[in-house]
file model33.txt (compact mmCIF, C-alpha atoms)
# COMPACT_ATOMS: atom_id res chain seq x y z
CA MET A 1423 143.79 132.62 33.55
CA SER A 1424 145.96 130.24 31.57
CA GLN A 1425 144.63 126.77 30.85
CA GLY A 1426 147.91 125.40 32.06
CA PRO A 1427 151.12 123.84 30.75
CA MET A 1428 149.36 121.33 28.50
CA SER A 1429 147.80 124.04 26.33
CA LEU A 1430 151.15 125.83 26.08
CA TYR A 1431 152.92 122.61 25.14
CA ARG A 1432 150.38 121.87 22.40
CA GLU A 1433 150.73 125.41 21.04
CA ARG A 1434 154.51 125.11 20.82
CA VAL A 1435 154.31 121.73 19.08
CA ALA A 1436 151.72 123.07 16.63
CA ALA A 1437 153.92 126.10 15.91
CA GLY A 1438 156.93 123.90 15.24
CA GLY A 1439 158.92 125.16 18.19
CA LEU A 1440 158.92 121.67 19.72
CA SER A 1441 158.97 118.24 18.13
CA PRO A 1442 156.17 115.88 19.20
CA ASP A 1443 157.45 113.62 21.98
CA GLN A 1444 155.17 111.15 23.75
CA ALA A 1445 157.41 110.98 26.82
CA GLN A 1446 157.31 114.76 27.17
CA ARG A 1447 153.55 114.73 26.78
CA LEU A 1448 153.20 112.24 29.64
CA ALA A 1449 155.34 114.49 31.84
CA VAL A 1450 153.23 117.51 30.88
CA GLU A 1451 150.13 115.59 31.96
CA LYS A 1452 151.68 115.27 35.43
CA LEU A 1453 152.44 118.99 35.45
CA GLN A 1454 148.91 119.80 34.25
CA LEU A 1455 147.45 117.82 37.15
CA LEU A 1456 149.67 119.70 39.57
CA PHE A 1457 148.59 122.96 37.93
CA MET A 1458 144.94 122.10 38.63
CA ARG A 1459 145.69 121.15 42.23
CA LEU A 1460 147.47 124.44 42.84
CA LYS A 1461 144.48 126.57 41.89
CA ASP A 1462 143.35 128.39 45.05
CA TYR A 1463 146.08 126.62 47.05
CA ASN A 1464 146.97 128.64 50.13
CA PRO A 1465 148.89 126.65 52.73
CA ALA A 1466 147.91 127.50 56.26
CA THR A 1467 150.61 129.06 58.38
CA PRO A 1468 151.53 126.44 61.00
CA LYS A 1469 149.87 127.24 64.33
CA LYS A 1470 149.95 125.96 67.86
CA VAL A 1471 146.94 123.81 68.58
CA LYS A 1472 145.44 123.26 72.03
CA ARG A 1473 145.26 119.68 73.24
CA GLY A 1474 142.98 118.93 76.18
CA PHE A 1475 143.71 120.60 79.48
CA PHE A 1476 147.45 120.42 79.16
CA GLY A 1477 148.17 123.51 77.09
CA TRP A 1478 149.61 123.97 73.68
CA GLY A 1479 150.75 121.06 71.58
CA ARG A 1480 152.96 120.73 68.55
CA GLU A 1481 152.70 122.79 65.42
CA ARG A 1482 150.29 121.48 62.86
CA THR A 1483 150.98 121.48 59.15
CA PRO A 1484 148.51 122.58 56.47
CA GLU A 1485 145.54 120.21 56.42
CA THR A 1486 145.68 119.73 52.65
CA VAL A 1487 149.19 119.65 51.22
CA VAL A 1488 149.60 119.41 47.47
CA PRO A 1489 152.21 116.79 46.51
CA GLY A 1490 155.03 118.06 44.33
CA LEU A 1491 156.79 116.40 41.40
CA TYR A 1492 160.26 114.90 40.96
CA LEU A 1493 160.97 114.68 37.23
CA TYR A 1494 164.05 112.67 36.30
CA GLY A 1495 165.60 111.22 33.17
CA ASP A 1496 168.56 111.35 30.83
CA VAL A 1497 170.10 114.63 29.77
CA GLY A 1498 168.58 116.68 26.98
CA ARG A 1499 165.11 115.15 27.26
CA GLY A 1500 163.38 118.43 28.02
CA LYS A 1501 162.98 118.26 31.81
CA SER A 1502 164.06 121.84 32.46
CA MET A 1503 162.07 123.18 29.52
CA LEU A 1504 158.89 121.50 30.76
CA MET A 1505 159.43 122.70 34.31
CA ASP A 1506 159.94 126.26 33.07
CA LEU A 1507 156.78 126.00 31.00
CA PHE A 1508 154.88 124.91 34.12
CA PHE A 1509 156.48 127.56 36.31
CA ASP A 1510 155.49 130.38 33.96
CA VAL A 1511 151.77 129.58 34.34
CA ALA A 1512 151.65 128.04 37.82
CA PRO A 1513 148.62 129.62 39.55
CA VAL A 1514 150.28 130.28 42.88
CA SER A 1515 152.18 133.17 44.40
CA PRO A 1516 154.83 133.70 45.57
CA LYS A 1517 156.84 131.23 43.53
CA ARG A 1518 160.50 130.78 42.66
CA ARG A 1519 162.57 128.89 40.10
CA VAL A 1520 166.26 128.37 40.93
CA HIS A 1521 169.14 126.06 40.10
CA PHE A 1522 169.76 123.68 42.98
CA HIS A 1523 173.46 124.67 43.23
CA ALA A 1524 172.55 128.33 43.67
CA PHE A 1525 169.81 127.50 46.16
CA MET A 1526 172.14 125.53 48.41
CA GLN A 1527 174.71 128.34 48.34
CA GLU A 1528 172.02 130.73 49.56
CA VAL A 1529 171.03 128.27 52.28
CA HIS A 1530 174.60 127.98 53.55
CA ALA A 1531 174.95 131.77 53.59
CA GLY A 1532 171.67 132.07 55.49
CA ILE A 1533 172.70 129.48 58.06
CA HIS A 1534 176.01 131.27 58.59
CA ALA A 1535 174.16 134.55 59.17
CA ALA A 1536 171.73 132.87 61.60
CA ARG A 1537 174.61 131.41 63.59
CA GLN A 1538 176.22 134.84 63.76
CA LYS A 1539 173.02 136.06 65.38
CA GLY A 1540 173.14 133.26 67.94
CA ALA A 1541 170.29 131.10 66.62
CA SER A 1542 170.15 127.77 68.45
CA ASP A 1543 168.73 126.06 65.36
CA PRO A 1544 169.95 128.05 62.33
CA VAL A 1545 168.18 125.80 59.82
CA ARG A 1546 164.70 126.72 61.01
CA PRO A 1547 164.78 130.49 60.37
CA VAL A 1548 166.39 129.91 56.96
CA ALA A 1549 163.67 127.42 55.98
CA ASP A 1550 160.96 129.76 57.26
CA ALA A 1551 162.36 132.65 55.23
CA ILE A 1552 162.34 130.45 52.13
CA ALA A 1553 158.76 129.34 52.80
CA ASP A 1554 157.64 132.94 53.34
CA ALA A 1555 159.11 133.90 49.96
CA ALA A 1556 157.90 130.93 47.88
CA THR A 1557 154.85 128.69 48.17
CA LEU A 1558 156.08 126.94 45.01
CA LEU A 1559 159.76 126.08 44.65
CA CYS A 1560 161.02 124.80 41.30
CA PHE A 1561 164.56 123.39 41.32
CA ASP A 1562 166.62 122.58 38.28
CA GLU A 1563 169.12 119.72 38.51
CA MET A 1564 168.74 118.40 42.05
CA GLN A 1565 171.93 116.54 42.83
CA ILE A 1566 173.80 115.97 46.07
CA THR A 1567 177.55 115.48 45.85
CA ASP A 1568 178.73 117.25 49.01
CA ILE A 1569 178.47 115.72 52.49
CA THR A 1570 177.63 119.10 53.99
CA ASP A 1571 174.60 119.40 51.71
CA ALA A 1572 173.69 115.77 52.33
CA MET A 1573 173.56 116.28 56.09
CA LEU A 1574 171.57 119.51 55.77
CA VAL A 1575 168.82 118.92 53.22
CA GLY A 1576 166.77 116.56 55.40
CA ARG A 1577 166.13 119.10 58.16
CA LEU A 1578 165.70 121.91 55.66
CA PHE A 1579 163.12 120.18 53.49
CA GLU A 1580 161.29 118.72 56.46
CA ARG A 1581 160.56 122.28 57.58
CA LEU A 1582 159.65 123.42 54.05
CA PHE A 1583 157.14 120.60 53.73
CA GLU A 1584 155.75 121.41 57.20
CA ARG A 1585 155.12 124.91 55.92
CA GLY A 1586 153.22 123.60 52.92
CA VAL A 1587 155.81 124.50 50.29
CA VAL A 1588 155.21 122.63 47.03
CA VAL A 1589 158.41 121.41 45.37
CA VAL A 1590 158.95 120.58 41.70
CA THR A 1591 162.43 119.45 40.75
CA THR A 1592 164.34 117.97 37.84
CA SER A 1593 167.21 115.55 38.17
CA ASN A 1594 169.21 113.10 36.10
CA ARG A 1595 168.92 110.52 38.87
CA HIS A 1596 166.10 108.64 40.57
CA PRO A 1597 165.90 109.69 44.24
CA ASP A 1598 167.31 106.31 45.26
CA ASP A 1599 170.52 107.18 43.39
CA LEU A 1600 171.08 110.62 44.95
CA TYR A 1601 174.37 110.93 46.85
CA LYS A 1602 175.20 107.44 45.63
CA ASP A 1603 178.27 105.97 47.38
CA GLY A 1604 178.56 109.19 49.42
CA LEU A 1605 180.22 109.34 52.83
CA ASN A 1606 177.81 108.35 55.64
CA ARG A 1607 175.06 107.85 53.08
CA HIS A 1608 172.91 105.97 55.59
CA LEU A 1609 172.30 109.32 57.31
CA PHE A 1610 170.95 110.65 54.01
CA LEU A 1611 168.41 107.88 53.42
CA PRO A 1612 165.59 109.52 55.44
CA PHE A 1613 165.73 112.47 53.03
CA ILE A 1614 165.23 110.09 50.09
CA ALA A 1615 162.25 108.55 51.86
CA MET A 1616 160.85 112.05 52.45
CA LEU A 1617 161.17 112.96 48.77
CA LYS A 1618 159.34 109.79 47.76
CA GLU A 1619 156.58 110.54 50.25
CA LYS A 1620 156.09 114.23 49.43
CA LEU A 1621 156.75 114.24 45.67
CA GLU A 1622 155.38 112.14 42.87
CA ILE A 1623 158.31 110.48 41.11
CA HIS A 1624 158.10 110.46 37.32
CA GLN A 1625 160.68 109.36 34.77
CA LEU A 1626 160.87 111.18 31.44
CA GLU A 1627 161.81 108.22 29.24
CA SER A 1628 162.29 109.93 25.88
CA ALA A 1629 164.82 108.28 23.58
CA THR A 1630 165.79 111.63 22.03
CA ASP A 1631 168.39 114.07 23.30
CA HIS A 1632 166.81 117.23 21.90
CA ARG A 1633 169.90 119.33 22.56
CA MET A 1634 171.83 117.27 20.03
CA ASP A 1635 169.27 118.14 17.33
CA ARG A 1636 169.94 121.88 17.44
CA GLU A 1637 171.47 123.60 14.46
CA MET A 1638 175.11 124.51 14.93
CA GLY A 1639 175.83 128.22 15.23
CA GLU A 1640 179.01 130.29 15.29
CA THR A 1641 182.00 128.04 16.01
CA VAL A 1642 182.76 128.46 19.71
CA TYR A 1643 184.24 125.05 20.61
CA PHE A 1644 187.70 124.41 19.16
CA SER A 1645 189.33 120.99 19.25
CA PRO A 1646 192.05 119.80 19.35
CA ASP A 1647 193.69 122.36 21.61
CA ASP A 1648 196.46 123.45 19.27
CA ALA A 1649 197.87 126.60 17.68
CA ALA A 1650 194.85 126.94 15.42
CA ALA A 1651 192.52 126.78 18.41
CA ARG A 1652 194.56 129.44 20.21
CA ALA A 1653 194.37 131.70 17.14
CA ALA A 1654 190.59 131.19 17.10
CA LEU A 1655 190.34 132.23 20.75
CA ASP A 1656 192.40 135.35 20.02
CA ALA A 1657 190.01 136.19 17.20
CA ALA A 1658 187.02 135.65 19.48
CA TRP A 1659 188.51 137.99 22.07
CA ALA A 1660 189.09 140.66 19.44
CA SER A 1661 185.52 140.28 18.20
CA HIS A 1662 183.74 140.30 21.56
CA ALA A 1663 186.03 142.43 23.75
CA GLY A 1664 187.86 144.64 21.29
CA GLU A 1665 190.66 145.76 23.62
CA ALA A 1666 193.50 144.35 25.71
CA GLY A 1667 191.52 144.14 28.95
CA ALA A 1668 192.65 143.87 32.56
CA PRO A 1669 192.29 141.35 35.40
CA LEU A 1670 188.86 141.10 37.06
CA GLU A 1671 188.65 140.41 40.79
CA ILE A 1672 185.33 139.25 42.27
CA ALA A 1673 184.68 139.15 46.02
CA VAL A 1674 182.97 135.91 47.03
CA GLN A 1675 182.21 135.13 50.67
CA GLY A 1676 185.29 136.89 52.03
CA ARG A 1677 187.73 135.71 49.37
CA THR A 1678 188.73 136.97 45.93
CA VAL A 1679 188.29 135.10 42.66
CA ARG A 1680 190.56 136.43 39.91
CA LEU A 1681 190.05 136.22 36.15
CA PRO A 1682 193.28 137.11 34.32
CA ARG A 1683 191.67 139.17 31.56
CA HIS A 1684 188.38 141.08 31.28
CA ALA A 1685 186.81 143.82 29.18
CA HIS A 1686 183.20 144.82 28.46
CA GLY A 1687 181.72 141.73 30.09
CA VAL A 1688 184.10 139.36 28.30
CA ALA A 1689 186.55 137.31 30.37
CA TRP A 1690 189.49 135.09 29.45
CA ALA A 1691 190.77 132.34 31.73
CA SER A 1692 192.47 128.98 31.44
CA PHE A 1693 191.06 125.69 32.64
CA ALA A 1694 193.78 125.71 35.31
CA ASP A 1695 192.70 129.16 36.49
CA LEU A 1696 189.15 128.04 37.15
CA CYS A 1697 189.22 124.29 37.70
CA ALA A 1698 192.65 123.42 39.12
CA ARG A 1699 192.13 125.81 42.04
CA PRO A 1700 189.81 124.97 44.99
CA LEU A 1701 186.81 126.91 43.70
CA GLY A 1702 183.18 125.94 44.25
CA ALA A 1703 179.64 126.66 43.14
CA ALA A 1704 179.51 130.07 44.84
CA ASP A 1705 182.60 131.19 42.93
CA TYR A 1706 181.29 130.02 39.57
CA LEU A 1707 177.88 131.56 40.17
CA ALA A 1708 179.53 134.89 41.01
CA ILE A 1709 181.61 134.72 37.82
CA ALA A 1710 178.58 133.90 35.69
CA GLN A 1711 176.70 136.87 37.10
CA ARG A 1712 179.49 139.29 36.16
CA ILE A 1713 180.21 138.30 32.57
CA LYS A 1714 178.44 137.77 29.25
CA VAL A 1715 181.18 135.80 27.48
CA LEU A 1716 183.83 133.43 28.84
CA ILE A 1717 186.80 132.43 26.71
CA LEU A 1718 188.16 129.30 28.35
CA GLU A 1719 191.51 127.99 27.23
CA GLY A 1720 193.02 124.52 27.56
CA ILE A 1721 190.30 122.07 28.67
CA PRO A 1722 192.22 118.77 28.98
CA ALA A 1723 191.08 115.19 28.68
CA LEU A 1724 189.32 114.28 31.94
CA SER A 1725 189.51 111.03 33.87
CA ARG A 1726 190.06 109.52 37.31
CA ALA A 1727 193.47 111.18 37.35
CA ASN A 1728 191.97 114.68 37.47
CA ASN A 1729 188.53 113.90 38.87
CA ASN A 1730 188.45 116.93 41.20
CA GLU A 1731 189.14 119.25 38.29
CA ALA A 1732 186.43 117.47 36.29
CA LYS A 1733 183.90 118.02 39.09
CA ARG A 1734 184.70 121.72 39.15
CA PHE A 1735 184.35 121.91 35.38
CA VAL A 1736 180.88 120.34 35.62
CA THR A 1737 179.87 122.92 38.22
CA LEU A 1738 181.34 125.74 36.14
CA ILE A 1739 179.36 124.70 33.06
CA ASP A 1740 176.18 124.46 35.16
CA ALA A 1741 176.67 128.05 36.35
CA LEU A 1742 177.41 129.38 32.85
CA TYR A 1743 174.45 127.49 31.41
CA GLU A 1744 171.99 128.86 33.97
CA ALA A 1745 173.24 132.41 33.42
CA LYS A 1746 173.12 132.04 29.60
CA VAL A 1747 176.80 132.97 29.26
CA LEU A 1748 178.39 132.47 25.86
CA LEU A 1749 181.28 130.00 26.19
CA VAL A 1750 184.14 130.04 23.68
CA CYS A 1751 186.73 127.39 24.45
CA SER A 1752 189.57 125.19 23.30
CA ALA A 1753 189.64 121.55 24.37
CA ALA A 1754 191.66 118.40 23.92
CA ALA A 1755 188.68 116.53 22.47
CA PRO A 1756 185.04 117.03 21.40
CA PRO A 1757 182.55 117.20 24.31
CA GLU A 1758 181.48 113.57 24.05
CA ALA A 1759 185.11 112.38 24.22
CA LEU A 1760 186.33 114.63 27.05
CA TYR A 1761 185.42 112.35 29.95
CA THR A 1762 184.74 108.73 29.10
CA GLU A 1763 185.81 106.93 32.27
CA GLY A 1764 185.96 107.70 35.96
CA ALA A 1765 183.71 108.31 38.95
CA GLY A 1766 182.09 111.38 37.41
CA ALA A 1767 181.38 109.97 33.95
CA PHE A 1768 177.62 109.69 34.64
CA GLU A 1769 177.27 113.32 35.71
CA PHE A 1770 179.37 114.40 32.75
CA HIS A 1771 176.69 113.25 30.30
CA ARG A 1772 174.69 116.32 31.33
CA THR A 1773 177.72 118.53 30.76
CA VAL A 1774 178.23 117.09 27.27
CA SER A 1775 174.60 117.80 26.44
CA ARG A 1776 174.86 121.35 27.77
CA LEU A 1777 178.07 122.01 25.85
CA GLU A 1778 176.32 120.91 22.68
CA GLU A 1779 173.40 123.24 23.34
CA MET A 1780 175.75 126.11 24.20
CA ARG A 1781 177.38 125.86 20.76
CA SER A 1782 174.05 125.87 18.88
CA SER A 1783 172.66 128.74 16.81
CA THR A 1784 169.83 129.25 19.31
CA TRP A 1785 172.08 129.76 22.35
CA PRO A 1786 171.76 133.28 23.87
CA GLY A 1787 174.75 135.47 23.15
CA GLY A 1788 175.80 133.38 20.17
CA ALA A 1789 176.44 134.34 16.59
CA ALA A 1790 173.39 136.57 16.34
CA ALA A 1791 174.51 138.60 19.31
CA ALA A 1792 178.14 138.94 18.32
CA PRO A 1793 179.34 142.46 17.57

call {"tool": "encode", "arguments": {"input": "model33.txt", "output": "structure tokens"}}
result
Amino acid sequence: MSQGPMSLYRERVAAGGLSPDQAQRLAVEKLQLLFMRLKDYNPATPKKVKRGFFGWGRERTPETVVPGLYLYGDVGRGKSMLMDLFFDVAPVSPKRRVHFHAFMQEVHAGIHAARQKGASDPVRPVADAIADAATLLCFDEMQITDITDAMLVGRLFERLFERGVVVVTTSNRHPDDLYKDGLNRHLFLPFIAMLKEKLEIHQLESATDHRMDREMGETVYFSPDDAAARAALDAAWASHAGEAGAPLEIAVQGRTVRLPRHAHGVAWASFADLCARPLGAADYLAIAQRIKVLILEGIPALSRANNNEAKRFVTLIDALYEAKVLLVCSAAAPPEALYTEGAGAFEFHRTVSRLEEMRSSTWPGGAAAAP
């Protein structure tokens, strides 16, 4: 059996795959402790317990519940990498690692199906199905921006914790800042209190954005968005697709998402095609699952004036990043100058960091994988 995430972290540092980082090491110590606690962990299935002469009482939860971990900090500090390192060796089964966006889409689909079957409380069977399939749940990028999610997660996670599910999650925000300034946020506060009770909260305080240190690979980000950039996109299409292509239509939850041009897993679309239309996480996840390369034309400067489009762009990049899709794009400005003011500027820091990593020589599907 593995000695845990700490030994793996030390091996990678010694081999030169990771740079020594004291803040990362402190986070790995938290993950190592959780690793030790999870050995032989087997949450009891909640049962009815008899109370006195008056029959059955409420369900009981597992007697010994292992607290999870909420790892937060600035973008590019290695949160996801450390969580993945922990997940790979976590001594518990079944276990699951999933991006929070994708997880919530599955939850909504499950609740819809439960309602169709006439369930009086559709959240409960969905939570139980999740708990049956994963004793350990690792989430990447927990963030709540949608009121529907905000009103749902409390009941959902309450049941998951009752079932003894151990949660490890990364986030750019402290729990107190989740759904900040959201509609009816006071109804969301009990969920924050629950997270702080059930998960240890740890900040990864590294001063280094490790994504920015990666060696640049094949040029895939062209700025400014001019004739030269358009010619570069044409060349990228010829290199990766090799033929004219045809529209791609993807069925998503009863509707159709259309990409104007597609061939051999390579798609071409404009920013307006994907971000000016009312698309959401489910649409972007479906796109990311169908393609290997996205050529995205015409990313504009982002601000308060087009904040909705900016939010969709953030969600799109999250989906492409998780699916390891190669992004080739033209934009009005470099990543760090795309969105400098507006309500979503904080969240966009993560997108900038991801765009930088996605143009590095180590990104899957990059220069080494090009035909």

call {"tool": "residues_around", "arguments": {"input": "model33.txt", "residues": "range 1700-1709 of chain A", "least_positions_apart": "4", "cutoff": "8 Å", "atoms": "only C-alpha atoms", "output": "PyMOL selection string"}}
result
chain A and resi 1523-1524+1527+1672+1674+1679+1696+1713+1734+1737-1738+1741-1742

call {"tool": "atom_distance", "arguments": {"input": "model33.txt", "atom1": "CA of Ala1755 in chain A", "atom2": "CA of Ala1723 in chain A"}}
result
6.8 Å

call {"tool": "atom_distance", "arguments": {"input": "model33.txt", "atom1": "CA of Leu1559 in chain A", "atom2": "CA of Tyr1494 in chain A"}}
result
16.4 Å

call {"tool": "closest_residue", "arguments": {"input": "model33.txt", "among": "A:Thr1784, A:Ser1542, A:Ser1692, A:Asn1464", "to": "Gly1720 in chain A", "atoms": "only C-alpha atoms"}}
result
A:Ser1692

call {"tool": "atom_distance", "arguments": {"input": "model33.txt", "atom1": "CA of Gln1454 in chain A", "atom2": "CA of Pro1516 in chain A"}}
result
18.9 Å

call {"tool": "closest_residue", "arguments": {"input": "model33.txt", "among": "A:Pro1544, A:Lys1620, A:Gln1538, A:Val1488", "to": "Tyr1463 in chain A", "atoms": "only C-alpha atoms"}}
result
A:Val1488

call {"tool": "residues_around", "arguments": {"input": "model33.txt", "residues": "Ser1628 in chain A", "least_positions_apart": "4", "cutoff": "9 Å", "atoms": "only C-alpha atoms", "output": "PyMOL selection string"}}
result
chain A and resi 1443-1446+1495-1496+1499-1500

call {"tool": "closest_atom_pairs", "arguments": {"input": "model33.txt", "of": "range 1545-1635 of chain A", "to": "range 1763-1773 of chain A", "cutoff": "12 Å", "atoms": "only C-alpha atoms", "output": "JSON lines"}}
result
{"residue": "A:Glu1563", "atom": "CA", "partner": "A:Arg1772", "partner_atom": "CA", "distance": 9.7}
{"residue": "A:Met1564", "atom": "CA", "partner": "A:Glu1769", "partner_atom": "CA", "distance": 11.8}
{"residue": "A:Gln1565", "atom": "CA", "partner": "A:Glu1769", "partner_atom": "CA", "distance": 9.5}
{"residue": "A:Ile1566", "atom": "CA", "partner": "A:Glu1769", "partner_atom": "CA", "distance": 11.2}
{"residue": "A:Thr1567", "atom": "CA", "partner": "A:Glu1769", "partner_atom": "CA", "distance": 10.4}
{"residue": "A:Ser1593", "atom": "CA", "partner": "A:Arg1772", "partner_atom": "CA", "distance": 10.2}
{"residue": "A:Asn1594", "atom": "CA", "partner": "A:Arg1772", "partner_atom": "CA", "distance": 7.9}
{"residue": "A:Arg1595", "atom": "CA", "partner": "A:Glu1769", "partner_atom": "CA", "distance": 9.4}
{"residue": "A:Asp1599", "atom": "CA", "partner": "A:Phe1768", "partner_atom": "CA", "distance": 11.5}
{"residue": "A:Leu1600", "atom": "CA", "partner": "A:Glu1769", "partner_atom": "CA", "distance": 11.4}
{"residue": "A:Tyr1601", "atom": "CA", "partner": "A:Glu1769", "partner_atom": "CA", "distance": 11.8}
{"residue": "A:Lys1602", "atom": "CA", "partner": "A:Ala1765", "partner_atom": "CA", "distance": 10.9}
{"residue": "A:Asp1603", "atom": "CA", "partner": "A:Ala1765", "partner_atom": "CA", "distance": 10.3}
{"residue": "A:Gly1604", "atom": "CA", "partner": "A:Ala1765", "partner_atom": "CA", "distance": 11.7}
{"residue": "A:Asp1631", "atom": "CA", "partner": "A:Arg1772", "partner_atom": "CA", "distance": 10.5}
{"residue": "A:Arg1633", "atom": "CA", "partner": "A:Arg1772", "partner_atom": "CA", "distance": 10.4}
{"residue": "A:Met1634", "atom": "CA", "partner": "A:Arg1772", "partner_atom": "CA", "distance": 11.7}

call {"tool": "residues_around", "arguments": {"input": "model33.txt", "residues": "Phe1561 in chain A", "least_positions_apart": "5", "cutoff": "6 Å", "atoms": "all atoms listed in the file", "output": "list in words"}}
result
Arg1519, Val1520, His1521, Phe1522 and Thr1591 of chain A

call {"tool": "residues_near_point", "arguments": {"input": "model33.txt", "point": "(160.0, 115.3, 44.1)", "cutoff": "8 Å", "atoms": "all atoms listed in the file", "output": "list in words"}}
result
Gly1490, Leu1491, Tyr1492, Leu1493, Val1589, Val1590, Thr1591, Leu1617, Lys1618, Lys1620, Leu1621, Glu1622 and Ile1623 of chain A

call {"tool": "write_last_selection", "arguments": {"input": "model33.txt", "atoms": "C-alpha atoms", "output": "tab-separated table (two decimals), in the coordinates of the input"}}
result
chain	number	residue	atom	x	y	z
A	1490	GLY	CA	155.03	118.06	44.33
A	1491	LEU	CA	156.79	116.40	41.40
A	1492	TYR	CA	160.26	114.90	40.96
A	1493	LEU	CA	160.97	114.68	37.23
A	1589	VAL	CA	158.41	121.41	45.37
A	1590	VAL	CA	158.95	120.58	41.70
A	1591	THR	CA	162.43	119.45	40.75
A	1617	LEU	CA	161.17	112.96	48.77
A	1618	LYS	CA	159.34	109.79	47.76
A	1620	LYS	CA	156.09	114.23	49.43
A	1621	LEU	CA	156.75	114.24	45.67
A	1622	GLU	CA	155.38	112.14	42.87
A	1623	ILE	CA	158.31	110.48	41.11

call {"tool": "decode", "arguments": {"input": "model33.txt", "residues": "range 1760-1778 of chain A", "atoms": "C-alpha atoms", "output": "CSV table (one decimal), in the first residue's frame"}}
result
chain,number,residue,atom,x,y,z
A,1760,LEU,CA,-8.8,40.7,-21.1
A,1761,TYR,CA,-10.9,41.4,-18.0
A,1762,THR,CA,-9.5,44.0,-15.6
A,1763,GLU,CA,-12.6,45.5,-14.1
A,1764,GLY,CA,-16.1,44.3,-13.4
A,1765,ALA,CA,-18.1,42.0,-11.1
A,1766,GLY,CA,-16.3,38.9,-12.4
A,1767,ALA,CA,-12.7,40.2,-12.3
A,1768,PHE,CA,-11.9,38.0,-9.2
A,1769,GLU,CA,-13.1,34.8,-10.8
A,1770,PHE,CA,-11.3,35.7,-14.0
A,1771,HIS,CA,-7.9,35.4,-12.3
A,1772,ARG,CA,-8.4,31.6,-12.4
A,1773,THR,CA,-9.2,31.8,-16.1
A,1774,VAL,CA,-6.1,33.8,-16.9
A,1775,SER,CA,-4.0,31.3,-15.1
A,1776,ARG,CA,-5.7,28.4,-16.9
A,1777,LEU,CA,-5.2,30.1,-20.3
A,1778,GLU,CA,-1.5,30.5,-19.5
